[in-house]
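J.: Got a structure for you, written out below as C-alpha cells; questions coming shortly.
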Amino acid sequence: MKTFILLDKDTKRKLPKEFQSDDNRFTENLVEYFLKRYTKAHDKVIDIFAGLGTTLFVAEALGRIPFGIEYDERRVEYVDLRKTTKSTIIHGDAYQLNSYHLPEMDFVITSPPYMHKDEDQNPLTAYSTRGDYQSYLNGLQEIFTRLKTILKTGAHVVIEVSNLKGKEVTTLAWDIAKKISHVLHFHGELIVGWQGKNTGDGTYGYGYDHSYCLVFQKTELV
C-alpha cells in the first residue's frame with residue numbers, strides 16, 4: 001500500500017449559499033482514488049457520515065451503488081434531489097444504522113465530524129448534546145462495531161481524518177485509528193498531501209497540509 005499521495009483539494013460541485021459557510025467536504029478525487037482501488041462496478045458503497053453527498057455522487061458516477069446516512073435533514077434533501085439513485089440516503093443517526101435494513105456493503109469511505117479534546121459538545125449528534133472527547137471516541141467505536149455487521153468479509157473501510165491544532169494538539173487521527181483497530185483489522189494509514197486554491201496558506205484547514213486516510217478491513221481475525 002502507498003503511504004503518501006498528493007491531491008488537489010478543489011471540489012467540483014458548487015454548493016448552494018446555505019451550505020457554503022460550512023463546506024467541510026472531502027474532494028471527489030479522494031473518493032475516486034479509493035473506489036477505483038477497492039471496488040468494482042455495481043459494488044455497494046456507503047458513507048455513514050454522508051454530509052453533502054460527495055461519496056454518493058462519485059460512487060454513482062463510477063457505476064457503484066451508493067448509500068449514505070446523514071444526521072442533518074437539510075443535507076439529506078440536498079443530496080437526494082441531485083442523485084439519480086433515489087432513496088439510498090437516509091436521514092438518521094449512524095448509531096442506529098442496524099435499524100435501517102441496509103444490504104451487505106462492499107466498501108465504506110467516510111469522514112466523521114471532528115472533535116477537539118477540550119470541546120464539550122458532541123459532534124455525533126450535530127452538537128445538539130453535551131459530551132467529552134473520550135465519550136466521542138467510544139461512540140465512534142460503537143458505530144463501527146455496528147457497521148461491521150453489514151460489511152461483507154474482506155470489505156475495506158477508509159476513514160479520512162486529521163489531527164487538530166489548538167492550544168494543544170488533538171491527536172484525533174491516531175486516537176480514532178486505535179479505537180477502530182479493536183473492531184476492524186488496521187492495514188495502516190495513507191497520508192494525503194493537499195494542494196490547490198482551497199488550501200489557502202498551504203494547510204488542510206486544521207493546521208496541517210495533510211490528512212490521514214486510515215485503511216481497515218473486515219477479516220476473520222478481528
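Residue numbering restarts at 1 for every chain of the C-alpha cells, chains are lettered A, B, ... in their displayed order, and ligands are numbered from 1 as they appear.
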With stretch 9-22 of chain A as the partner and 10 Å as the cut-off, tabulate the residues of stretch 47-160 of chain A that qualify, each row holding the nearest pair of atoms and their distance in Å to one decimal, using only C-alpha atoms, sorted by chain and rising number, as a tab-separated table.

T.:
```
residue	atom	partner	partner_atom	distance
A:Leu52	CA	A:Phe19	CA	8.7
A:Thr54	CA	A:Arg13	CA	8.6
A:Phe57	CA	A:Arg13	CA	9.6
A:Arg74	CA	A:Phe19	CA	9.5
A:Arg75	CA	A:Phe19	CA	8.6
A:Tyr78	CA	A:Pro16	CA	9.1
```

J.: Name all residues at most 9 Å from stretch 106-113 of chain A (count only C-alpha atoms; drop same-chain ones fewer than 2 positions away) and give them as number ranges by chain.

T.: A: 25-26, 31, 34-35, 38-39, 43-51, 55, 104, 115, 123-124, 126, 140, 151-161

J.: Print the selection's residues with C-alpha atoms to a file, as a short mmCIF file (atom, residue, chain, number, x, y, z; two decimals), in the first residue's frame.

T.:
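As a result, again16.cif now contains:
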```
data_model
loop_
_atom_site.label_atom_id
_atom_site.label_comp_id
_atom_site.auth_asym_id
_atom_site.auth_seq_id
_atom_site.Cartn_x
_atom_site.Cartn_y
_atom_site.Cartn_z
CA ARG A 25 -16.47 18.07 2.19
CA PHE A 26 -13.64 15.83 1.20
CA VAL A 31 -13.29 9.24 -3.18
CA PHE A 34 -10.26 4.69 -3.21
CA LEU A 35 -13.27 3.49 -5.20
CA TYR A 38 -11.04 -1.19 -3.64
CA THR A 39 -14.29 -1.58 -5.61
CA ASP A 43 -20.46 -2.78 -5.65
CA LYS A 44 -22.41 -1.29 -2.75
CA VAL A 45 -20.66 1.71 -1.17
CA ILE A 46 -21.74 3.53 1.98
CA ASP A 47 -20.77 6.75 3.74
CA ILE A 48 -22.18 6.71 7.28
CA PHE A 49 -21.47 10.44 7.75
CA ALA A 50 -22.67 11.38 4.28
CA GLY A 51 -22.63 15.14 4.70
CA THR A 55 -19.24 9.79 -1.75
CA GLU A 104 -24.32 -6.01 2.92
CA MET A 115 -13.80 16.94 17.90
CA PRO A 123 -20.27 16.17 17.13
CA LEU A 124 -22.04 12.85 16.59
CA ALA A 126 -24.63 17.62 15.34
CA LEU A 140 -17.24 6.07 17.14
CA LEU A 151 -19.95 -5.48 5.84
CA LYS A 152 -19.02 -8.35 3.58
CA THR A 153 -16.00 -10.30 4.78
CA GLY A 154 -13.00 -8.75 3.06
CA ALA A 155 -14.65 -5.32 2.70
CA HIS A 156 -12.38 -2.32 3.22
CA VAL A 157 -13.19 0.75 5.31
CA VAL A 158 -11.44 4.10 4.75
CA ILE A 159 -11.74 6.87 7.35
CA GLU A 160 -10.43 10.30 6.31
CA VAL A 161 -9.41 12.37 9.33
#
```

J.: Give me, as a list in words, the residues of stretch 138-193 of chain A that a backbone DSSP run labels strand (DSSP E).

T.: Leu151, Lys152, Thr153, Gly154, Ala155, His156, Val157, Val158, Ile159, Glu160, Val161, His185, Phe186, His187, Gly188, Glu189, Leu190, Ile191, Val192 and Gly193 of chain A

J.: For A:Val192, please output as a list of chain:residue names all residues within 8 Å (counting only C-alpha atoms; exclusion window: fewer than 6 positions along the same chain).

T.: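 Near neighbours after the sequence-gap exclusion: A:Phe4, A:Ile5, A:Leu6, A:Leu7, A:His210, A:Ser211, A:Tyr212, A:Cys213.
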
J.: Determine the nearest neighbour of A:Ser87 from the options A:Leu221, A:Tyr136, A:Leu214, A:Phe67, counting only C-alpha atoms.

T.: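 Result for the nearest residue to A:Ser87: A:Phe67.
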
J.: Nearest to A:Ser162: which of A:His116, A:Asn29, A:Leu102, A:Asn122 is it, counting only C-alpha atoms?

T.: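 Of A:His116, A:Asn29, A:Leu102, A:Asn122, the one nearest A:Ser162, counting only C-alpha atoms, is A:His116.
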
J.: So which bits of stretch 59-153 of chain A end up alpha helix (DSSP H) when you DSSP the backbone, as a PyMOL selection string?

T.: chain A and resi 59-61+73-82+133-148

J.: Can you tell me, as a PyMOL selection string, what residues are no more than 10 Å from A:Lys86 when counting only C-alpha atoms, ignoring any on the same chain fewer than 6 positions away?

T.: chain A and resi 66-67+79-80
